[in-house]
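**Student:** My file is upload.txt. It has compact mmCIF, C-alpha atoms:
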# COMPACT_ATOMS: atom_id res chain seq x y z
CA MET A 1 -89.61 33.99 -17.41
CA LYS A 2 -92.42 36.52 -18.01
CA SER A 3 -94.15 34.10 -20.37
CA VAL A 4 -94.25 31.40 -17.69
CA LYS A 5 -95.90 33.84 -15.25
CA LYS A 6 -98.51 34.67 -17.88
CA ILE A 7 -99.19 30.99 -18.44
CA SER A 8 -99.62 30.43 -14.67
CA ILE A 9 -102.12 33.28 -14.41
CA LEU A 10 -104.00 31.93 -17.43
CA GLY A 11 -104.09 28.47 -15.85
CA CYS A 12 -105.60 29.84 -12.64
CA MET A 13 -108.27 31.71 -14.61
CA VAL A 14 -109.17 28.56 -16.54
CA PHE A 15 -109.40 26.57 -13.28
CA LEU A 16 -111.74 29.12 -11.70
CA LEU A 17 -113.95 29.29 -14.78
CA TRP A 18 -114.11 25.52 -15.05
CA ASN A 19 -115.25 25.13 -11.44
CA CYS A 20 -118.04 27.73 -11.52
CA VAL A 21 -121.51 26.39 -10.74
CA ASP A 22 -123.13 28.16 -13.69
CA PRO A 23 -121.73 27.60 -17.20
CA VAL A 24 -120.17 30.67 -18.79
CA GLU A 25 -120.06 31.29 -22.55
CA LEU A 26 -116.60 32.68 -23.21
CA GLU A 27 -116.30 35.78 -25.39
CA THR A 28 -113.37 38.00 -26.20
CA ILE A 29 -112.95 40.71 -23.57
CA THR A 30 -111.02 43.06 -25.83
CA THR A 31 -111.20 43.81 -29.53
CA GLU A 32 -107.41 44.11 -29.81
CA THR A 33 -105.98 42.13 -32.69
CA LEU A 34 -102.38 40.95 -32.61
CA LEU A 35 -100.04 40.34 -35.52
CA VAL A 36 -99.35 36.62 -35.97
CA VAL A 37 -96.02 35.67 -37.57
CA GLU A 38 -94.90 32.22 -38.66
CA ALA A 39 -91.40 32.30 -40.15
CA ASN A 40 -88.89 29.48 -40.40
CA LEU A 41 -85.69 30.10 -42.37
CA THR A 42 -84.07 26.79 -43.28
CA ASN A 43 -80.93 25.43 -44.88
CA GLU A 44 -82.99 24.32 -47.91
CA ASN A 45 -82.18 26.28 -51.06
CA LYS A 46 -85.66 27.49 -51.96
CA ARG A 47 -87.97 30.49 -51.88
CA GLN A 48 -88.34 30.92 -48.12
CA GLU A 49 -91.80 31.58 -46.67
CA VAL A 50 -93.30 33.94 -44.06
CA LEU A 51 -96.96 33.76 -43.02
CA LEU A 52 -98.75 36.80 -41.57
CA SER A 53 -102.23 37.04 -40.10
CA ARG A 54 -104.16 38.64 -37.24
CA THR A 55 -105.67 37.08 -34.14
CA THR A 56 -109.46 37.05 -34.11
CA ALA A 57 -112.19 37.00 -31.49
CA LEU A 58 -112.98 33.61 -29.92
CA GLU A 59 -116.44 33.68 -31.45
CA ASP A 60 -115.13 34.61 -34.93
CA SER A 61 -114.40 31.72 -37.31
CA VAL A 62 -112.76 33.89 -40.00
CA ILE A 63 -108.96 34.10 -40.12
CA ARG A 64 -107.68 37.54 -41.10
CA ARG A 65 -104.68 37.42 -43.43
CA GLU A 66 -102.26 40.34 -43.17
CA SER A 67 -101.71 41.71 -46.68
CA ASN A 68 -99.59 44.44 -48.26
CA ALA A 69 -96.75 44.15 -45.76
CA VAL A 70 -93.06 44.72 -46.47
CA VAL A 71 -91.12 41.62 -45.41
CA ARG A 72 -87.37 41.06 -45.42
CA ILE A 73 -84.70 38.92 -43.76
CA VAL A 74 -81.30 40.47 -43.02
CA ASP A 75 -78.09 38.61 -42.18
CA GLU A 76 -75.16 39.78 -40.04
CA LEU A 77 -73.21 40.79 -43.16
CA GLY A 78 -75.92 43.27 -44.16
CA THR A 79 -77.36 41.15 -46.98
CA THR A 80 -81.09 41.75 -47.37
CA PHE A 81 -83.48 39.13 -48.75
CA ALA A 82 -86.74 40.70 -49.91
CA PHE A 83 -90.14 38.96 -49.92
CA THR A 84 -93.25 39.47 -52.05
CA GLU A 85 -96.84 38.53 -51.28
CA ASN A 86 -97.70 35.39 -53.24
CA SER A 87 -101.28 35.07 -51.90
CA PRO A 88 -103.11 36.86 -49.04
CA GLY A 89 -100.83 36.70 -46.01
CA VAL A 90 -98.29 34.38 -47.68
CA TYR A 91 -94.92 35.98 -48.48
CA LEU A 92 -92.17 34.26 -50.50
CA SER A 93 -88.58 35.41 -50.95
CA THR A 94 -87.95 36.91 -54.36
CA ILE A 95 -84.97 34.60 -54.86
CA GLU A 96 -84.03 31.14 -53.67
CA PHE A 97 -81.57 31.11 -50.79
CA SER A 98 -80.68 29.07 -47.70
CA ALA A 99 -79.49 29.72 -44.17
CA GLU A 100 -75.74 29.33 -43.75
CA LEU A 101 -74.13 27.62 -40.79
CA ASN A 102 -72.92 29.89 -37.96
CA ARG A 103 -74.50 33.02 -39.41
CA ASP A 104 -77.01 35.34 -37.68
CA TYR A 105 -80.31 36.39 -39.25
CA LYS A 106 -83.24 38.60 -38.26
CA LEU A 107 -86.72 39.21 -39.64
CA GLU A 108 -88.04 42.73 -40.30
CA LEU A 109 -91.68 43.58 -41.10
CA THR A 110 -93.61 46.73 -41.93
CA THR A 111 -97.39 46.39 -42.14
CA SER A 112 -99.62 48.41 -44.45
CA ASN A 113 -100.44 50.89 -41.66
CA GLY A 114 -96.75 51.68 -41.15
CA SER A 115 -96.19 49.60 -38.00
CA GLU A 116 -92.72 48.06 -37.82
CA TYR A 117 -91.71 44.76 -36.22
CA VAL A 118 -88.37 43.04 -35.77
CA SER A 119 -87.11 39.74 -34.39
CA THR A 120 -84.06 39.08 -32.28
CA TRP A 121 -80.96 37.80 -34.09
CA GLN A 122 -81.13 34.05 -34.66
CA ARG A 123 -78.10 31.89 -35.48
CA PHE A 124 -78.05 28.70 -37.50
CA THR A 125 -75.63 26.61 -35.44
CA ASP A 126 -76.62 22.97 -35.57
CA GLU A 127 -77.37 20.37 -38.21
CA ALA A 128 -79.11 17.07 -37.58
CA ASP A 129 -80.36 14.26 -39.79
CA ILE A 130 -83.14 11.70 -39.62
CA THR A 131 -81.11 8.55 -40.04
CA ASN A 132 -83.95 6.03 -40.17
CA ILE A 133 -87.74 5.84 -40.43
CA TYR A 134 -89.69 2.64 -39.76
CA THR A 135 -92.92 1.15 -38.40
CA GLN A 136 -93.82 -0.91 -35.37
CA ARG A 137 -97.03 -2.75 -34.60
CA THR A 138 -98.10 -1.52 -31.18
CA THR A 139 -100.91 -0.23 -28.95
CA ASN A 140 -101.60 3.28 -27.74
CA GLU A 141 -102.34 4.52 -24.22
CA GLU A 142 -105.98 3.45 -24.61
CA SER A 143 -104.82 -0.11 -25.46
CA GLU A 144 -105.99 0.30 -29.05
CA GLU A 145 -104.01 -1.71 -31.58
CA GLY A 146 -102.36 0.05 -34.47
CA VAL A 147 -99.08 1.00 -36.10
CA SER A 148 -96.52 3.58 -34.96
CA VAL A 149 -94.18 5.45 -37.27
CA LEU A 150 -90.82 5.96 -35.56
CA ILE A 151 -87.61 7.73 -36.47
CA ASP A 152 -83.96 7.70 -35.42
CA ALA A 153 -82.02 10.97 -35.60
CA LYS A 154 -78.49 12.17 -34.95
CA ALA A 155 -77.35 15.71 -34.09
CA ASP A 156 -73.91 17.32 -34.43
CA THR A 157 -73.76 18.03 -30.70
CA ASP A 158 -74.90 16.22 -27.55
CA THR A 159 -77.65 18.80 -26.97
CA GLY A 160 -80.24 18.96 -29.73
CA TYR A 161 -83.75 20.40 -29.86
CA PHE A 162 -86.14 19.34 -32.60
CA ARG A 163 -89.65 19.92 -33.90
CA TYR A 164 -91.38 17.52 -36.28
CA GLU A 165 -94.05 17.81 -38.95
CA TYR A 166 -95.38 15.18 -41.32
CA GLU A 167 -97.31 14.96 -44.58
CA GLU A 168 -99.21 11.74 -45.16
CA THR A 169 -100.69 10.38 -48.37
CA PHE A 170 -102.90 7.32 -48.65
CA LYS A 171 -104.60 5.32 -51.36
CA ILE A 172 -108.40 5.19 -51.43
CA ILE A 173 -110.30 2.45 -53.27
CA ALA A 174 -114.04 3.15 -53.50
CA PRO A 175 -115.62 0.18 -51.69
CA ASN A 176 -118.79 0.09 -53.86
CA TRP A 177 -117.40 1.07 -57.23
CA SER A 178 -119.01 0.06 -60.52
CA ALA A 179 -117.84 0.49 -64.09
CA PHE A 180 -121.33 1.76 -64.94
CA GLU A 181 -123.35 4.78 -63.92
CA ALA A 182 -127.07 5.45 -63.96
CA VAL A 183 -128.27 7.97 -66.56
CA ILE A 184 -131.70 9.59 -66.64
CA VAL A 185 -133.21 9.11 -70.13
CA SER A 186 -136.79 10.23 -69.51
CA ARG A 187 -138.43 12.12 -66.64
CA ASP A 188 -141.93 11.37 -67.83
CA ARG A 189 -143.75 10.48 -64.59
CA SER A 190 -145.90 7.91 -66.35
CA ASP A 191 -142.96 6.34 -68.15
CA PRO A 192 -139.64 7.24 -66.47
CA ILE A 193 -136.52 5.70 -67.99
CA VAL A 194 -133.11 5.25 -66.37
CA ASP A 195 -130.37 3.44 -68.24
CA LEU A 196 -126.75 2.44 -67.64
CA LYS A 197 -123.61 3.56 -69.43
CA LEU A 198 -119.90 3.06 -68.96
CA ARG A 199 -118.28 5.75 -66.87
CA GLY A 200 -116.22 8.38 -68.63
CA GLN A 201 -113.77 8.40 -65.70
CA GLU A 202 -112.92 5.45 -63.51
CA ASN A 203 -112.99 7.26 -60.13
CA ARG A 204 -112.20 4.01 -58.34
CA ILE A 205 -108.67 4.66 -57.04
CA CYS A 206 -107.68 8.02 -55.57
CA TYR A 207 -105.07 9.56 -53.31
CA LYS A 208 -105.54 11.89 -50.37
CA ASP A 209 -103.03 14.19 -48.63
CA SER A 210 -103.13 15.57 -45.09
CA VAL A 211 -100.63 17.32 -42.84
CA SER A 212 -99.88 17.14 -39.13
CA THR A 213 -101.64 19.62 -36.85
CA ASN A 214 -100.13 18.68 -33.48
CA ILE A 215 -96.83 19.94 -32.10
CA ILE A 216 -94.21 17.17 -31.90
CA LEU A 217 -91.03 18.02 -29.99
CA ALA A 218 -87.97 16.07 -28.90
CA SER A 219 -84.62 16.80 -27.26
CA THR A 220 -81.38 14.93 -26.62
CA ASP A 221 -80.95 16.94 -23.39
CA ASN A 222 -81.53 13.99 -21.08
CA VAL A 223 -80.51 11.20 -23.44
CA GLY A 224 -76.79 11.33 -22.76
CA SER A 225 -75.86 11.20 -26.44
CA SER A 226 -76.45 13.03 -29.70
CA GLU A 227 -78.90 10.39 -30.95
CA LEU A 228 -82.63 9.88 -30.70
CA ILE A 229 -83.73 6.26 -31.11
CA GLY A 230 -87.30 5.11 -31.73
CA LEU A 231 -89.04 8.49 -31.47
CA PRO A 232 -92.76 8.01 -32.28
CA VAL A 233 -94.14 10.72 -34.59
CA ARG A 234 -97.43 9.14 -35.70
CA PHE A 235 -99.81 6.46 -34.39
CA ILE A 236 -102.62 5.10 -36.60
CA LYS A 237 -105.31 2.80 -35.27
CA ARG A 238 -105.63 -0.53 -37.03
CA ASP A 239 -109.18 0.16 -38.26
CA ASN A 240 -108.35 3.60 -39.72
CA TYR A 241 -109.17 3.59 -43.44
CA LEU A 242 -105.97 5.62 -44.06
CA ILE A 243 -103.96 2.39 -43.94
CA GLU A 244 -106.51 0.02 -45.49
CA HIS A 245 -104.53 -0.19 -48.74
CA ARG A 246 -101.24 1.71 -49.18
CA TYR A 247 -99.93 4.57 -47.05
CA SER A 248 -96.99 6.98 -47.22
CA ILE A 249 -95.65 9.48 -44.72
CA LEU A 250 -92.99 12.18 -45.14
CA VAL A 251 -91.50 13.24 -41.80
CA LYS A 252 -89.67 16.57 -41.55
CA GLN A 253 -87.29 17.41 -38.71
CA TYR A 254 -86.47 21.03 -37.82
CA SER A 255 -83.53 21.77 -35.55
CA GLN A 256 -84.19 24.48 -32.97
CA ASN A 257 -82.35 26.53 -30.39
CA VAL A 258 -83.42 26.34 -26.76
CA GLU A 259 -85.41 29.58 -27.01
CA SER A 260 -87.46 28.28 -29.91
CA PHE A 261 -87.91 24.91 -28.20
CA GLU A 262 -89.28 26.57 -25.05
CA PHE A 263 -91.67 28.68 -27.15
CA TYR A 264 -93.13 25.64 -28.93
CA THR A 265 -93.29 23.70 -25.65
CA ILE A 266 -95.51 26.38 -24.12
CA LEU A 267 -97.58 26.59 -27.30
CA ARG A 268 -98.03 22.81 -27.31
CA ASP A 269 -99.30 22.90 -23.74
CA LEU A 270 -101.87 25.56 -24.66
CA SER A 271 -103.00 24.37 -28.08
CA SER A 272 -103.17 21.22 -30.16
CA SER A 273 -102.09 22.96 -33.36
CA ALA A 274 -98.67 24.15 -34.49
CA ASN A 275 -100.07 26.14 -37.38
CA PHE A 276 -100.67 29.77 -36.42
CA PHE A 277 -102.14 30.42 -39.83
CA THR A 278 -105.11 28.08 -39.37
CA GLU A 279 -105.49 28.02 -35.59
CA LEU A 280 -107.29 30.85 -33.81
CA GLN A 281 -105.13 32.02 -30.90
CA PRO A 282 -107.21 33.00 -27.83
CA GLY A 283 -104.16 33.69 -25.66
CA PHE A 284 -100.69 35.19 -25.97
CA VAL A 285 -97.34 33.37 -25.92
CA THR A 286 -94.13 35.40 -25.83
CA GLY A 287 -91.94 34.82 -28.87
CA ASN A 288 -88.87 36.59 -30.24
CA LEU A 289 -90.61 39.38 -32.17
CA SER A 290 -91.37 42.89 -30.95
CA ALA A 291 -93.01 46.08 -32.19
CA VAL A 292 -90.61 48.92 -33.00
CA ASN A 293 -93.21 51.73 -32.81
CA ASP A 294 -94.88 50.55 -29.58
CA GLU A 295 -92.81 48.59 -27.07
CA GLY A 296 -95.98 47.56 -25.24
CA GLU A 297 -97.58 45.92 -28.27
CA ASN A 298 -97.60 42.13 -28.28
CA VAL A 299 -96.69 40.05 -31.32
CA VAL A 300 -97.57 36.36 -31.64
CA GLY A 301 -95.08 34.03 -33.28
CA PHE A 302 -91.44 33.12 -33.64
CA PHE A 303 -88.70 33.61 -36.23
CA ASN A 304 -86.64 30.45 -36.30
CA VAL A 305 -83.50 29.50 -38.27
CA SER A 306 -82.98 25.78 -38.58
CA SER A 307 -81.75 22.82 -40.56
CA VAL A 308 -84.27 20.48 -42.12
CA SER A 309 -84.00 16.76 -42.62
CA GLU A 310 -86.72 14.55 -44.06
CA LYS A 311 -87.44 10.91 -44.88
CA ARG A 312 -90.38 9.16 -46.54
CA LEU A 313 -91.86 5.77 -45.75
CA PHE A 314 -94.34 3.55 -47.63
CA PHE A 315 -96.21 0.53 -46.31
CA ASN A 316 -99.25 -1.64 -47.06
CA TYR A 317 -101.72 -2.81 -44.44
CA THR A 318 -100.58 -6.40 -44.92
CA ASP A 319 -96.96 -5.40 -44.27
CA ILE A 320 -97.94 -4.62 -40.67
CA PHE A 321 -100.83 -6.94 -39.89
CA LEU A 322 -100.18 -10.46 -41.16
CA ASP A 323 -102.97 -12.28 -39.29
CA ASP A 324 -106.39 -13.18 -40.69
CA GLN A 325 -108.44 -11.00 -38.35
CA ILE A 326 -111.34 -9.34 -40.20
CA ILE A 327 -111.31 -5.56 -39.75
CA ASN A 328 -114.18 -3.18 -40.40
CA PHE A 329 -112.34 -0.04 -41.45
CA ASN A 330 -113.86 3.26 -40.33
CA PHE A 331 -114.62 4.58 -43.81
CA PRO A 332 -115.94 8.18 -43.69
CA SER A 333 -119.45 7.05 -44.63
CA THR A 334 -121.73 4.12 -43.96
CA CYS A 335 -122.09 2.53 -47.38
CA THR A 336 -125.71 1.46 -47.13
CA VAL A 337 -127.03 -0.16 -50.28
CA PHE A 338 -130.59 0.80 -51.24
CA SER A 339 -132.83 0.37 -54.27
CA PRO A 340 -135.56 2.99 -54.81
CA SER A 341 -138.41 2.23 -57.16
CA LEU A 342 -138.35 3.60 -60.69
CA PHE A 343 -142.08 4.43 -60.55
CA GLY A 344 -143.89 6.76 -58.19
CA LEU A 345 -147.01 5.79 -56.25
CA SER A 346 -149.10 7.32 -59.05
CA ASP A 347 -148.67 8.54 -62.62
CA GLN A 348 -148.38 12.10 -61.22
CA ALA A 349 -145.75 11.26 -58.60
CA ASP A 350 -142.01 11.71 -59.11
CA SER A 351 -139.81 8.69 -59.64
CA PRO A 352 -138.00 7.87 -56.34
CA LEU A 353 -135.02 6.60 -58.36
CA ILE A 354 -134.74 9.78 -60.45
CA THR A 355 -135.19 11.94 -57.34
CA ALA A 356 -132.34 10.09 -55.66
CA LEU A 357 -130.10 10.53 -58.70
CA ASP A 358 -130.92 14.25 -58.87
CA LEU A 359 -129.74 14.71 -55.28
CA GLY A 360 -126.24 13.90 -56.48
CA ALA A 361 -125.32 12.11 -53.27
CA ILE A 362 -125.72 8.62 -54.70
CA ILE A 363 -124.37 6.62 -57.59
CA TYR A 364 -125.23 3.30 -59.24
CA GLN A 365 -123.72 0.16 -57.76
CA GLU A 366 -123.56 -3.11 -59.62
CA THR A 367 -124.69 -5.90 -57.26
CA ALA A 368 -125.84 -9.48 -57.09
CA ASP A 369 -129.14 -10.99 -58.25
CA PHE A 370 -132.16 -9.20 -56.82
CA ASP A 371 -133.52 -12.51 -55.63
CA VAL A 372 -130.97 -12.47 -52.80
CA LEU A 373 -131.47 -8.82 -51.81
CA PRO A 374 -133.41 -7.94 -48.64
CA ASP A 375 -137.07 -6.92 -48.59
CA GLY A 376 -137.68 -3.29 -49.53
CA PHE A 377 -135.32 -3.33 -52.50
CA GLU A 378 -137.64 -2.34 -55.33
CA GLY A 379 -135.12 -1.88 -58.13
CA PRO A 380 -134.32 -1.82 -60.94
CA TYR A 381 -130.87 -0.66 -59.73
CA THR A 382 -129.10 -0.54 -56.41
CA LEU A 383 -127.54 2.69 -55.17
CA VAL A 384 -125.02 3.78 -52.55
CA PRO A 385 -123.89 7.18 -51.24
CA ARG A 386 -121.66 8.78 -53.86
CA ILE A 387 -118.65 8.74 -51.51
CA CYS A 388 -118.82 4.93 -51.53
CA GLY A 389 -118.64 4.58 -55.31
CA ASP A 390 -116.67 7.66 -56.37
CA CYS A 391 -113.30 8.16 -54.72
CA THR A 392 -112.98 11.74 -55.97
CA VAL A 393 -115.40 12.79 -53.20
CA ILE A 394 -112.47 12.25 -50.82
CA GLY A 395 -109.30 12.47 -52.89
CA VAL A 396 -107.91 13.03 -56.38
CA ALA A 397 -107.48 10.45 -59.14
CA GLU A 398 -104.02 11.69 -60.20
CA VAL A 399 -101.16 9.55 -58.90
CA PRO A 400 -98.68 11.68 -56.88
CA ASP A 401 -95.28 12.15 -58.51
CA PHE A 402 -93.51 10.52 -55.56
CA TRP A 403 -95.82 7.51 -55.31
CA VAL A 404 -94.27 4.03 -55.42
CA GLU A 405 -96.24 0.80 -55.41
Could you show the structure in this file as structure tokens?

**Tutor:**
Amino acid sequence: MKSVKKISILGCMVFLLWNCVDPVELETITTETLLVVEANLTNENKRQEVLLSRTTALEDSVIRRESNAVVRIVDELGTTFAFTENSPGVYLSTIEFSAELNRDYKLELTTSNGSEYVSTWQRFTDEADITNIYTQRTTNEESEEGVSVLIDAKADTDTGYFRYEYEETFKIIAPNWSAFEAVIVSRDRSDPIVDLKLRGQENRICYKDSVSTNIILASTDNVGSSELIGLPVRFIKRDNYLIEHRYSILVKQYSQNVESFEFYTILRDLSSSANFFTELQPGFVTGNLSAVNDEGENVVGFFNVSSVSEKRLFFNYTDIFLDDQIINFNFPSTCTVFSPSLFGLSDQADSPLITALDLGAIIYQETADFDVLPDGFEGPYTLVPRICGDCTVIGVAEVPDFWVE
């Protein structure tokens, strides 16, 4: 395959650069920008989505969305499904529709400068379902203890190719929350006043979403059956604050043909991210799209037609780890408690407490008697970084619609 040859050449170049005596700061050799296409037509009845952007220089952190393009999907019967731009570079079909079994589809694009692009015909031929999702207490390759999320799946045929994505949601409980907050009453340097009042919003319990960024692939090619058993899709270390309270994961399975599977396999070996739209692409991987106006122009991406199956799982930390071992969870911040003085060193000096409150990075924490606090705590109130007492710094207070306790 031409793409394999390109990967080999790239590997040799990386090896030579890596073994040079003097370090080299890599920069883009050419200013050519390539069209990046991410399109996955599924058997879900919905407004289908196509993402368009442009590759950028290695030293450029800005992702260029491709706007004002004409996007359409055509099936073998001549039916055309038009798309409109919903936000920069994000195109949604004007109507809800789904891929039909044993039917061919192709993607056609025309950019704002008149350049035309087309994919090869892709057929939706195979359906597969996630039959089970579950957890297992285990260790990773570094012998770190944690929990694995595993799935079982079954395909219609003995040969199945799959790609997986997940969306995880977890509960956050602010570790140093108080029902009160500190309010500045007077900024008079000679007589500063800070009082307490009940919070208008609780901001103690929140929820945070995140999505997978790595490419997860699996195949029944060498399994000898149409089933996958115990496929790990996510490992979470035991001390990760994501699972300190309650955690949920939604795993999505996309069926693929062998061409698509090979494309994502090469991409996985070159990059840790499956999302073209957020990952800068320094190299080129051959997909199934080509330029109509210029046969020599490269296009990054793949138009895939697949079935989708998904399952959601909930668990609490205590569902997995039943022992009494004390764990220090790796919360995103060190929640150091401190207590700045209300009064400055002189009548003309600012109040350290008011200055700290003005910074906005701290919030009042209700604590024990000052007689038991360490030296250096001058009072009258103790403070912590805002992230430790206000969960909305990390997540949102609204309970997700799907959430189950």

**Student:** Excluding region 243-246 of chain A and any residue of its chain fewer than 2 positions from it, enumerate the residues within 10 Å of it, using all atoms listed in the file, and give them as a PyMOL selection string.

**Tutor:** chain A and resi 146-147+169-173+207+236-241+248+314-320+327-331+404-405

**Student:** When you draw a straight line from CA of Val396 (chain A) to CA of Cys206 (chain A), how long is it in Å?

**Tutor:**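 Going from CA of Val396 (chain A) over to CA of Cys206 (chain A), I get 5.1 Å.
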
**Student:** Please measure the separation of CA of Gln136 (chain A) and CA of Val251 (chain A), giving the value in Å to one decimal.

**Tutor:**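 Between these atoms lies a distance of 15.7 Å.
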
**Student:** Find the residues around region 361-363 of chain A up to 8 Å (only C-alpha atoms counted), leave out those fewer than 6 positions away in its own chain, and share them as a list in words.

**Tutor:**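 My list of contacting residues is Glu181, Ala182, Leu383, Val384, Pro385, Arg386, Ile387, Gly389 and Asp390 of chain A.
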
**Student:** Work out how far apart CA of Asp294 (chain A) and CA of Leu109 (chain A) are and give it in Å to one decimal.

**Tutor:**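 If I compute the distance from CA of Asp294 (chain A) to CA of Leu109 (chain A), I get 13.8 Å.
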
**Student:** Could you tell me which of A:Arg72, A:Arg54, A:Lys197, A:Arg204 comes closest to Val300 (chain A) if we count only C-alpha atoms?

**Tutor:**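 Distance minimum relative to Val300 (chain A) lands on A:Arg54.
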
**Student:** Can you work out which one of A:Gln256, A:Thr159, A:Ser290, A:Ser190 has the shortest atom-to-atom distance to Val223 (chain A), counting all atoms listed in the file?

**Tutor:** A:Thr159

**Student:** Leaving out region 35-48 of chain A and any residue of its chain fewer than 3 positions from it, which residues lie within 8 Å of it when counting all atoms listed in the file, given as number ranges by chain?

**Tutor:** A: 51-55, 66, 92-100, 276-277, 298-308

**Student:** I'd like the contact shell of Ala155 (chain A) - 10 Å cut-off, only C-alpha atoms, skipping same-chain residues fewer than 4 positions apart - returned as a ChimeraX atom specification.

**Tutor:** /A:126-130,159-162,220,225-228,255

**Student:** For each of A:Leu242, A:Phe235, A:Asp156, A:Ile184, take the minimum atom-to-atom distance to Glu142 (chain A), counting only C-alpha atoms, then give the residue where this is smallest.

**Tutor:**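 Answer, going by the shortest atom-to-atom distance: A:Phe235.
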
**Student:** For Thr131 (chain A), find every residue with an atom within 12 Å (counting all atoms listed in the file), except residues of its own chain fewer than 6 positions away, and show them as a PyMOL selection string.

**Tutor:** chain A and resi 150-155+227-231+251-253+309-312

**Student:** Calculated over only C-alpha atoms, which of the candidates A:Asp350, A:Gly224, A:Asn214, A:Phe180 has the smallest distance to Leu198 (chain A)?

**Tutor:**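 Once distances to Leu198 (chain A) are computed over only C-alpha atoms, the minimum belongs to A:Phe180.
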
**Student:** With all atoms listed in the file as the atoms that count, which of A:Asp221, A:Asp324, A:Asp191, A:Glu202 lies nearest to Ala349 (chain A)?

**Tutor:**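 The answer is A:Asp191, which sits nearest to Ala349 (chain A).
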
**Student:** When you count all atoms listed in the file, which of these residues is closest to Gly114 (chain A): A:Phe263, A:Ala291, A:Leu342, A:Glu168?

**Tutor:**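 Using all atoms listed in the file, Gly114 (chain A) sits closest to A:Ala291.
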